[in-house]
file run.cif (mmCIF, C-alpha atoms and all ligand atoms)
data_input
#
loop_
_atom_site.label_atom_id
_atom_site.label_comp_id
_atom_site.auth_asym_id
_atom_site.auth_seq_id
_atom_site.Cartn_x
_atom_site.Cartn_y
_atom_site.Cartn_z
CA MET A 26 0.00 0.00 0.00
CA LYS A 27 1.19 3.52 -0.81
CA ILE A 28 0.55 5.87 2.11
CA ALA A 29 1.06 9.57 1.36
CA VAL A 30 1.84 11.77 4.37
CA CYS A 31 0.69 15.31 3.57
CA SER A 32 0.27 18.60 5.37
CA GLY A 33 -1.32 21.82 4.23
CA LYS A 34 1.78 23.73 5.31
CA GLY A 35 5.39 23.23 6.34
CA GLY A 36 6.44 22.68 9.94
CA THR A 37 3.61 20.42 11.09
CA GLY A 38 5.89 17.41 11.62
CA LYS A 39 5.19 15.59 8.36
CA THR A 40 8.72 14.21 8.05
CA PHE A 41 8.76 13.23 11.73
CA VAL A 42 5.52 11.25 11.24
CA SER A 43 6.57 9.75 7.86
CA THR A 44 9.92 8.45 9.03
CA ASN A 45 8.56 6.95 12.25
CA LEU A 46 5.64 5.41 10.39
CA ALA A 47 8.01 3.85 7.84
CA LYS A 48 9.87 2.27 10.76
CA VAL A 49 6.81 0.79 12.48
CA LEU A 50 5.39 -0.52 9.19
CA PHE A 51 8.77 -1.82 8.01
CA ALA A 52 7.96 0.18 4.86
CA THR A 53 10.09 1.82 2.20
CA TYR A 54 10.41 5.52 2.96
CA ILE A 55 10.07 7.78 -0.10
CA ASP A 56 11.20 11.37 0.34
CA SER A 57 9.31 13.38 -2.25
CA ASP A 58 9.90 16.69 -0.47
CA ILE A 59 12.26 17.32 -3.37
CA GLU A 60 13.17 20.92 -2.54
CA GLU A 61 14.65 19.93 0.82
CA PRO A 62 14.74 16.15 1.22
CA ASN A 63 16.07 15.67 4.74
CA GLY A 64 13.95 12.73 5.97
CA SER A 65 16.65 10.12 5.41
CA PHE A 66 18.70 11.80 8.16
CA TYR A 67 16.20 10.31 10.65
CA PHE A 68 17.49 6.80 9.88
CA GLU A 69 20.75 5.59 11.34
CA ASN A 70 23.77 4.80 9.18
CA LEU A 71 22.08 4.89 5.78
CA ARG A 72 24.52 4.50 2.92
CA GLU A 73 23.91 5.44 -0.70
CA VAL A 74 23.67 2.44 -3.00
CA ALA A 75 22.64 4.12 -6.26
CA THR A 76 21.86 7.53 -7.75
CA TYR A 77 19.97 8.14 -10.99
CA PRO A 78 19.51 11.40 -12.90
CA SER A 79 15.93 12.56 -13.36
CA TYR A 80 14.75 14.34 -16.51
CA LYS A 81 11.68 16.20 -17.64
CA ALA A 82 10.39 16.39 -21.21
CA ILE A 83 10.74 19.80 -22.86
CA PRO A 84 10.01 21.07 -26.38
CA SER A 85 12.84 21.81 -28.79
CA PHE A 86 12.31 24.27 -31.66
CA ASP A 87 13.45 24.20 -35.28
CA LEU A 88 12.99 27.86 -36.20
CA ASP A 89 13.47 27.13 -39.92
CA LYS A 90 10.21 25.17 -39.86
CA CYS A 91 8.33 27.75 -37.77
CA ILE A 92 5.73 29.79 -39.68
CA LYS A 93 5.10 32.08 -36.66
CA CYS A 94 1.46 31.11 -36.33
CA ARG A 95 1.69 31.56 -32.50
CA THR A 96 -0.51 28.52 -31.85
CA CYS A 97 1.99 27.08 -29.35
CA VAL A 98 2.40 30.42 -27.54
CA ASP A 99 -1.36 30.91 -27.22
CA PHE A 100 -1.77 27.35 -25.95
CA CYS A 101 0.87 27.36 -23.21
CA HIS A 102 -1.00 28.18 -20.00
CA PHE A 103 2.24 28.19 -18.03
CA ASN A 104 3.69 31.15 -19.98
CA ALA A 105 6.74 29.10 -20.88
CA LEU A 106 6.53 30.37 -24.47
CA LEU A 107 6.60 33.97 -25.70
CA PHE A 108 7.06 35.73 -29.01
CA ILE A 109 9.80 38.33 -28.65
CA LYS A 110 11.01 40.27 -31.67
CA ASP A 111 9.21 37.86 -33.99
CA LYS A 112 10.97 34.82 -32.52
CA ILE A 113 9.82 32.14 -30.11
CA LYS A 114 11.45 32.41 -26.71
CA PHE A 115 11.24 29.32 -24.47
CA PHE A 116 11.55 29.46 -20.66
CA PRO A 117 12.32 25.84 -19.65
CA GLU A 118 11.99 26.48 -15.91
CA LEU A 119 8.29 27.35 -16.43
CA CYS A 120 7.55 24.36 -18.66
CA HIS A 121 5.31 21.63 -17.18
CA SER A 122 6.18 19.05 -19.87
CA CYS A 123 2.62 18.69 -21.18
CA MET A 124 3.93 18.69 -24.80
CA GLY A 125 0.65 20.23 -25.95
CA CYS A 126 2.68 22.73 -28.00
CA LYS A 127 4.25 19.87 -29.95
CA VAL A 128 0.88 18.23 -30.59
CA LEU A 129 -0.58 21.49 -31.93
CA CYS A 130 2.34 22.56 -34.11
CA LYS A 131 1.34 21.67 -37.69
CA THR A 132 4.74 22.23 -39.30
CA GLY A 133 6.81 19.83 -37.18
CA ALA A 134 8.87 22.73 -35.82
CA ILE A 135 8.59 21.32 -32.28
CA THR A 136 10.17 18.04 -31.19
CA GLU A 137 10.56 16.53 -27.73
CA SER A 138 13.84 16.63 -25.88
CA LYS A 139 14.74 16.40 -22.20
CA GLU A 140 16.36 18.43 -19.46
CA ARG A 141 17.88 17.20 -16.22
CA VAL A 142 15.81 18.43 -13.27
CA GLY A 143 17.17 16.42 -10.37
CA SER A 144 18.17 13.02 -9.10
CA ILE A 145 16.89 10.00 -7.23
CA THR A 146 19.09 8.31 -4.64
CA ILE A 147 18.52 4.95 -2.97
CA LYS A 148 19.88 4.56 0.56
CA THR A 149 19.80 1.63 2.96
CA ASN A 150 21.20 0.32 6.22
CA GLU A 151 19.83 -3.19 5.47
CA GLU A 152 16.87 -2.64 7.85
CA ASP A 153 15.58 0.68 6.45
CA ILE A 154 15.25 1.69 2.79
CA ALA A 155 14.95 5.33 1.72
CA ILE A 156 14.32 6.53 -1.84
CA VAL A 157 15.13 10.21 -2.02
CA GLY A 158 14.17 12.66 -4.76
CA GLN A 159 16.09 15.91 -5.06
CA MET A 160 15.41 18.83 -7.40
CA GLU A 161 18.33 20.75 -8.87
CA ILE A 162 18.90 24.33 -7.78
CA GLY A 163 17.12 26.74 -10.15
CA GLN A 164 14.39 24.30 -11.17
CA ARG A 165 10.79 25.16 -10.31
CA ASN A 166 8.83 22.11 -11.32
CA GLY A 167 9.66 18.71 -9.88
CA GLY A 168 6.63 16.80 -11.16
CA ALA A 169 8.84 14.55 -13.30
CA ILE A 170 10.96 13.55 -10.28
CA VAL A 171 7.88 12.78 -8.21
CA LYS A 172 6.39 10.61 -10.98
CA GLU A 173 9.67 8.73 -11.31
CA LEU A 174 9.88 8.11 -7.55
CA PHE A 175 6.76 5.97 -7.88
CA THR A 176 8.43 3.71 -10.43
CA PHE A 177 10.92 2.41 -7.83
CA THR A 178 9.53 -0.71 -6.20
CA ASN A 179 10.98 -3.47 -4.04
CA ASN A 180 9.73 -6.47 -2.08
CA ARG A 181 8.31 -4.45 0.83
CA GLU A 182 4.53 -4.31 1.13
CA ASP A 183 4.19 -0.67 2.13
CA TYR A 184 5.58 2.64 0.92
CA VAL A 185 5.38 5.78 3.06
CA ILE A 186 5.63 8.90 0.92
CA ASP A 187 6.81 12.07 2.64
CA CYS A 188 5.10 14.75 0.52
CA PRO A 189 6.20 18.33 -0.10
CA PRO A 190 4.30 20.78 2.13
CA GLY A 191 1.28 22.62 0.75
CA THR A 192 -1.05 21.84 -2.13
CA GLY A 193 1.13 22.25 -5.23
CA CYS A 194 1.16 20.17 -8.43
CA GLU A 195 3.60 17.61 -7.00
CA VAL A 196 1.30 16.96 -4.02
CA GLY A 197 -1.61 16.38 -6.42
CA GLU A 198 0.50 13.87 -8.38
CA ILE A 199 1.36 11.99 -5.18
CA ILE A 200 -2.21 11.92 -3.87
CA GLN A 201 -3.39 10.57 -7.22
CA ALA A 202 -0.79 7.77 -7.15
CA SER A 203 -1.37 6.79 -3.49
CA ASN A 204 -3.90 4.43 -1.85
CA LEU A 205 -4.27 6.18 1.50
CA ILE A 206 -3.59 9.73 2.71
CA LEU A 207 -2.45 10.65 6.21
CA VAL A 208 -2.68 14.38 6.92
CA VAL A 209 -0.51 15.80 9.69
CA THR A 210 -1.91 18.97 11.18
CA GLU A 211 -1.41 21.14 14.24
CA PRO A 212 -3.89 22.75 16.65
CA THR A 213 -3.62 26.36 15.48
CA LEU A 214 -5.71 28.65 13.27
CA PHE A 215 -2.95 28.66 10.64
CA GLY A 216 -2.77 24.86 10.79
CA LEU A 217 -6.54 24.57 10.41
CA GLU A 218 -6.77 26.91 7.40
CA ASN A 219 -4.06 24.94 5.60
CA LEU A 220 -5.70 21.67 6.61
CA LYS A 221 -8.87 22.84 4.83
CA LEU A 222 -6.85 23.37 1.63
CA ILE A 223 -5.22 19.95 1.62
CA VAL A 224 -8.49 18.21 2.50
CA SER A 225 -10.23 19.90 -0.45
CA LEU A 226 -7.43 18.63 -2.73
CA ILE A 227 -7.71 15.07 -1.37
CA LYS A 228 -11.47 15.18 -1.94
CA LEU A 229 -10.91 16.00 -5.61
CA TYR A 230 -9.05 12.71 -5.97
CA LYS A 231 -11.60 10.83 -3.81
CA LYS A 232 -8.89 9.18 -1.69
CA PRO A 233 -9.41 7.76 1.82
CA CYS A 234 -7.82 9.96 4.44
CA PHE A 235 -7.29 10.32 8.20
CA LEU A 236 -5.68 12.92 10.47
CA VAL A 237 -2.85 12.99 12.98
CA VAL A 238 -2.62 16.07 15.19
CA ASN A 239 0.96 16.90 16.07
CA LYS A 240 2.12 19.36 18.74
CA GLU A 241 -1.14 18.97 20.65
CA ASN A 242 -1.35 21.25 23.70
CA GLU A 243 -3.26 20.75 26.95
CA LYS A 244 -6.17 22.97 25.92
CA GLY A 245 -6.67 21.36 22.51
CA TYR A 246 -8.18 23.35 19.64
CA LYS A 247 -11.92 23.02 19.29
CA PRO A 248 -12.27 24.45 15.72
CA LEU A 249 -10.00 21.66 14.47
CA GLU A 250 -12.20 19.01 16.11
CA GLU A 251 -15.30 20.67 14.66
CA PHE A 252 -13.83 20.72 11.16
CA ALA A 253 -12.79 17.06 11.40
CA ASN A 254 -16.28 16.08 12.59
CA ALA A 255 -18.00 18.10 9.87
CA GLU A 256 -15.81 16.50 7.19
CA GLY A 257 -16.11 12.99 8.65
CA LEU A 258 -12.33 12.81 9.16
CA LYS A 259 -11.01 10.58 11.90
CA ILE A 260 -8.32 12.00 14.19
CA VAL A 261 -6.34 8.83 14.85
CA THR A 262 -3.94 10.22 17.42
CA LYS A 263 -2.68 13.44 18.98
CA ILE A 264 1.04 13.64 19.60
CA PRO A 265 1.70 16.07 22.46
CA TYR A 266 3.85 19.16 22.19
CA SER A 267 6.27 18.43 25.00
CA VAL A 268 9.93 18.31 25.84
CA LYS A 269 9.58 14.54 26.28
CA THR A 270 8.24 14.17 22.73
CA ALA A 271 10.95 16.43 21.31
CA ILE A 272 13.65 14.34 22.99
CA ALA A 273 12.00 11.13 21.79
CA ASN A 274 11.81 12.60 18.28
CA ALA A 275 15.49 13.51 18.33
CA LYS A 276 16.41 9.99 19.46
CA GLY A 277 14.14 8.22 16.96
CA TYR A 278 11.26 5.77 17.35
CA ARG A 279 13.22 3.24 19.38
CA THR A 280 12.66 5.30 22.52
CA THR A 281 9.36 4.08 23.94
CA GLU A 282 7.86 7.60 24.23
CA LEU A 283 6.50 7.65 20.69
CA LYS A 284 5.51 4.02 20.32
CA PRO A 285 1.87 4.30 21.52
CA TYR A 286 1.10 7.05 18.98
CA PHE A 287 2.62 5.21 16.05
CA ASP A 288 1.03 1.92 17.06
CA LEU A 289 -2.35 3.66 16.72
CA ILE A 290 -1.45 4.92 13.24
CA LYS A 291 -0.23 1.44 12.29
CA LYS A 292 -3.54 -0.02 13.44
CA GLU A 293 -5.45 2.51 11.34
CA VAL A 294 -3.37 1.70 8.24
CA ALA A 295 -4.09 -2.00 8.84
CA ARG A 296 -7.84 -1.22 8.75
CA TYR A 297 -7.44 0.04 5.19
CA GLU A 298 -5.08 -2.74 4.14
CA ASN A 299 -7.40 -5.40 5.44
CA PRO A 300 -11.03 -4.24 5.75
CA ALA A 301 -11.72 -7.44 7.77
CA ASN A 302 -9.94 -5.64 10.67
CA ASN A 303 -12.77 -3.07 10.85
S1 LIG A 401 3.01 26.23 -33.43
FE1 LIG A 401 4.84 25.64 -34.59
S2 LIG A 401 4.78 26.93 -36.39
FE2 LIG A 401 3.35 27.84 -34.93
S3 LIG A 401 4.59 29.35 -33.83
FE3 LIG A 401 4.69 27.46 -32.67
S4 LIG A 401 6.55 26.47 -33.43
FE4 LIG A 401 6.00 28.01 -34.92
S1 LIG A 402 5.38 21.45 -23.08
FE1 LIG A 402 3.48 22.40 -22.28
S2 LIG A 402 4.20 23.69 -20.64
FE2 LIG A 402 5.99 23.21 -21.87
S3 LIG A 402 6.15 24.87 -23.32
FE3 LIG A 402 4.94 23.29 -24.32
S4 LIG A 402 2.81 23.84 -23.87
FE4 LIG A 402 4.11 24.99 -22.46
#

call {"tool": "encode", "arguments": {"input": "run.cif", "output": "structure tokens", "more": "lines below"}}
Ligand code: SF4
Ligand code: SF4
result
Amino acid sequence: MKIAVCSGKGGTGKTFVSTNLAKVLFATYIDSDIEEPNGSFYFENLREVATYPSYKAIPSFDLDKCIKCRTCVDFCHFNALLFIKDKIKFFPELCHSCMGCKVLCKTGAITESKERVGSITIKTNEEDIAIVGQMEIGQRNGGAIVKELFTFTNNREDYVIDCPPGTGCEVGEIIQASNLILVVTEPTLFGLENLKLIVSLIKLYKKPCFLVVNKENEKGYKPLEEFANAEGLKIVTKIPYSVKTAIANAKGYRTTELKPYFDLIKKEVARYENPANN
């Protein structure tokens, strides 16, 4: 099962939850937070076993065949194409690789080529496996890396995907390719507003989803409970905001402090993997 761990915003503890969940499930950890993939640092003594370059498709132009009809420029909704001084100007960093421009060009002036956008590295310490996507500096669109991350499979049953924060295109790609979505949120107004955004995205893809509240305080946060109830979203566990938890987090799952919370999440995942457990 592919379990995507999302959050509407950064700083909720998504990587903390993903890495610990990968450990309790004995799952492959996939770091798709490609702008700053730091989740593999949570595992002890990982060593790199392979690195692959990752490419995205981009259009290439033969200006001798171009009749300046502007069809491609008018089509590109990402503003990656412009006409400047009667010539096509292409901005590869804005291109989303849809290749619609190539399909529409009637003269064959556009062909498909590729550009390196990042890399994928596989790390292991024999017990843990991490597949890490990393976008190159200067790139803006890592959709191709995220898609490629899903092509790496092994003999483990579960994959825990640590998503980028927010609700961008890459997050949509991951939700679409996953079986179950775990949303990490926090009991604040800011956390709640961003939770609403990610939940509306998950609904678009009609994926099953549950919540984990991280950094829970003694008072709780009633609006979050009300939103979860109204949306029919189960809050599976609340991990307290405490010095004890922070120390346990820094030491990793093997300290017993975090075990009860992650056992609850594991049980919830099992409900989806085997509906007979319901
Ligand atoms: S669609 Fe083809 S012919 Fe028309 S402007 Fe673009 S590249 Fe040139
Ligand atoms: S491939 Fe798509 S996004 Fe890229 S330039 Fe062509 S139309 Fe625009």

call {"tool": "residues_near_ligand", "arguments": {"input": "run.cif", "ligand": "ligand LIG 402 (chain A)", "cutoff": "6 Å", "atoms": "all atoms listed in the file", "output": "PyMOL selection string"}}
result
chain A and resi 83-84+101+103+105-106+120-126

call {"tool": "axis_aligned_box", "arguments": {"input": "run.cif", "around": "ligand LIG 401 (chain A)", "padding_each_side": "3 Å", "output": "AutoDock Vina command-line options"}}
result
--center_x 4.8 --center_y 27.5 --center_z -34.5 --size_x 9.5 --size_y 9.7 --size_z 9.7

call {"tool": "closest_atom_pairs", "arguments": {"input": "run.cif", "of": "chain A", "to": "ligand LIG 401 (chain A)", "cutoff": "6 Å", "atoms": "all atoms listed in the file", "output": "CSV"}}
result
residue,atom,partner,partner_atom,distance
A:Cys91,CA,A:LIG401,FE4,3.7
A:Ile92,CA,A:LIG401,S2,4.5
A:Lys93,CA,A:LIG401,S3,4.0
A:Cys94,CA,A:LIG401,FE2,4.0
A:Arg95,CA,A:LIG401,S3,3.9
A:Thr96,CA,A:LIG401,S1,4.5
A:Cys97,CA,A:LIG401,S1,4.3
A:Cys130,CA,A:LIG401,S1,3.8
A:Thr132,CA,A:LIG401,S2,5.5
A:Ala134,CA,A:LIG401,S4,5.0
A:Ile135,CA,A:LIG401,S4,5.7

call {"tool": "closest_residue", "arguments": {"input": "run.cif", "among": "A:Gly191, A:Gly64, A:Gly143, A:Gly38", "to": "A:Ile264", "atoms": "only C-alpha atoms"}}
result
A:Gly38

call {"tool": "closest_residue", "arguments": {"input": "run.cif", "among": "A:Asn104, A:Thr37, A:Thr176, A:Leu258", "to": "A:Pro212", "atoms": "all atoms listed in the file"}}
result
A:Thr37

call {"tool": "residues_near_point", "arguments": {"input": "run.cif", "point": "(0.4, 14.1, -3.3)", "cutoff": "10 Å", "atoms": "all atoms listed in the file", "output": "PDB file with C-alpha atoms, in the frame of the given file"}}
result
ATOM      1  CA  ILE A  28       0.550   5.870   2.110  1.00  0.00           C
ATOM      2  CA  ALA A  29       1.060   9.570   1.360  1.00  0.00           C
ATOM      3  CA  VAL A  30       1.840  11.770   4.370  1.00  0.00           C
ATOM      4  CA  CYS A  31       0.690  15.310   3.570  1.00  0.00           C
ATOM      5  CA  SER A  32       0.270  18.600   5.370  1.00  0.00           C
ATOM      6  CA  SER A  57       9.310  13.380  -2.250  1.00  0.00           C
ATOM      7  CA  VAL A 171       7.880  12.780  -8.210  1.00  0.00           C
ATOM      8  CA  ILE A 186       5.630   8.900   0.920  1.00  0.00           C
ATOM      9  CA  ASP A 187       6.810  12.070   2.640  1.00  0.00           C
ATOM     10  CA  CYS A 188       5.100  14.750   0.520  1.00  0.00           C
ATOM     11  CA  PRO A 189       6.200  18.330  -0.100  1.00  0.00           C
ATOM     12  CA  PRO A 190       4.300  20.780   2.130  1.00  0.00           C
ATOM     13  CA  GLY A 191       1.280  22.620   0.750  1.00  0.00           C
ATOM     14  CA  THR A 192      -1.050  21.840  -2.130  1.00  0.00           C
ATOM     15  CA  GLY A 193       1.130  22.250  -5.230  1.00  0.00           C
ATOM     16  CA  CYS A 194       1.160  20.170  -8.430  1.00  0.00           C
ATOM     17  CA  GLU A 195       3.600  17.610  -7.000  1.00  0.00           C
ATOM     18  CA  VAL A 196       1.300  16.960  -4.020  1.00  0.00           C
ATOM     19  CA  GLY A 197      -1.610  16.380  -6.420  1.00  0.00           C
ATOM     20  CA  GLU A 198       0.500  13.870  -8.380  1.00  0.00           C
ATOM     21  CA  ILE A 199       1.360  11.990  -5.180  1.00  0.00           C
ATOM     22  CA  ILE A 200      -2.210  11.920  -3.870  1.00  0.00           C
ATOM     23  CA  GLN A 201      -3.390  10.570  -7.220  1.00  0.00           C
ATOM     24  CA  ALA A 202      -0.790   7.770  -7.150  1.00  0.00           C
ATOM     25  CA  SER A 203      -1.370   6.790  -3.490  1.00  0.00           C
ATOM     26  CA  ILE A 206      -3.590   9.730   2.710  1.00  0.00           C
ATOM     27  CA  ILE A 223      -5.220  19.950   1.620  1.00  0.00           C
ATOM     28  CA  LEU A 226      -7.430  18.630  -2.730  1.00  0.00           C
ATOM     29  CA  ILE A 227      -7.710  15.070  -1.370  1.00  0.00           C
ATOM     30  CA  TYR A 230      -9.050  12.710  -5.970  1.00  0.00           C
TER      31      TYR A 230
END

call {"tool": "closest_residue", "arguments": {"input": "run.cif", "among": "A:Phe86, A:Lys127, A:Arg141, A:Ala155", "to": "A:Phe68", "atoms": "only C-alpha atoms"}}
result
A:Ala155

call {"tool": "closest_residue", "arguments": {"input": "run.cif", "among": "A:Lys90, A:Lys81, A:Lys221, A:Lys39", "to": "A:Val238", "atoms": "only C-alpha atoms"}}
result
A:Lys39

call {"tool": "closest_residue", "arguments": {"input": "run.cif", "among": "A:Asp56, A:Asp87, A:Glu73, A:Glu250", "to": "A:Val185", "atoms": "only C-alpha atoms"}}
result
A:Asp56

call {"tool": "closest_residue", "arguments": {"input": "run.cif", "among": "A:Phe108, A:Phe41, A:Phe51, A:Tyr80", "to": "A:Asn63", "atoms": "only C-alpha atoms"}}
result
A:Phe41

call {"tool": "atom_distance", "arguments": {"input": "run.cif", "atom1": "atom CA of A:Lys276", "atom2": "atom CA of A:Ser43"}}
result
15.2 Å

call {"tool": "atom_distance", "arguments": {"input": "run.cif", "atom1": "atom CA of A:Pro62", "atom2": "atom CA of A:Gly158"}}
result
6.9 Å
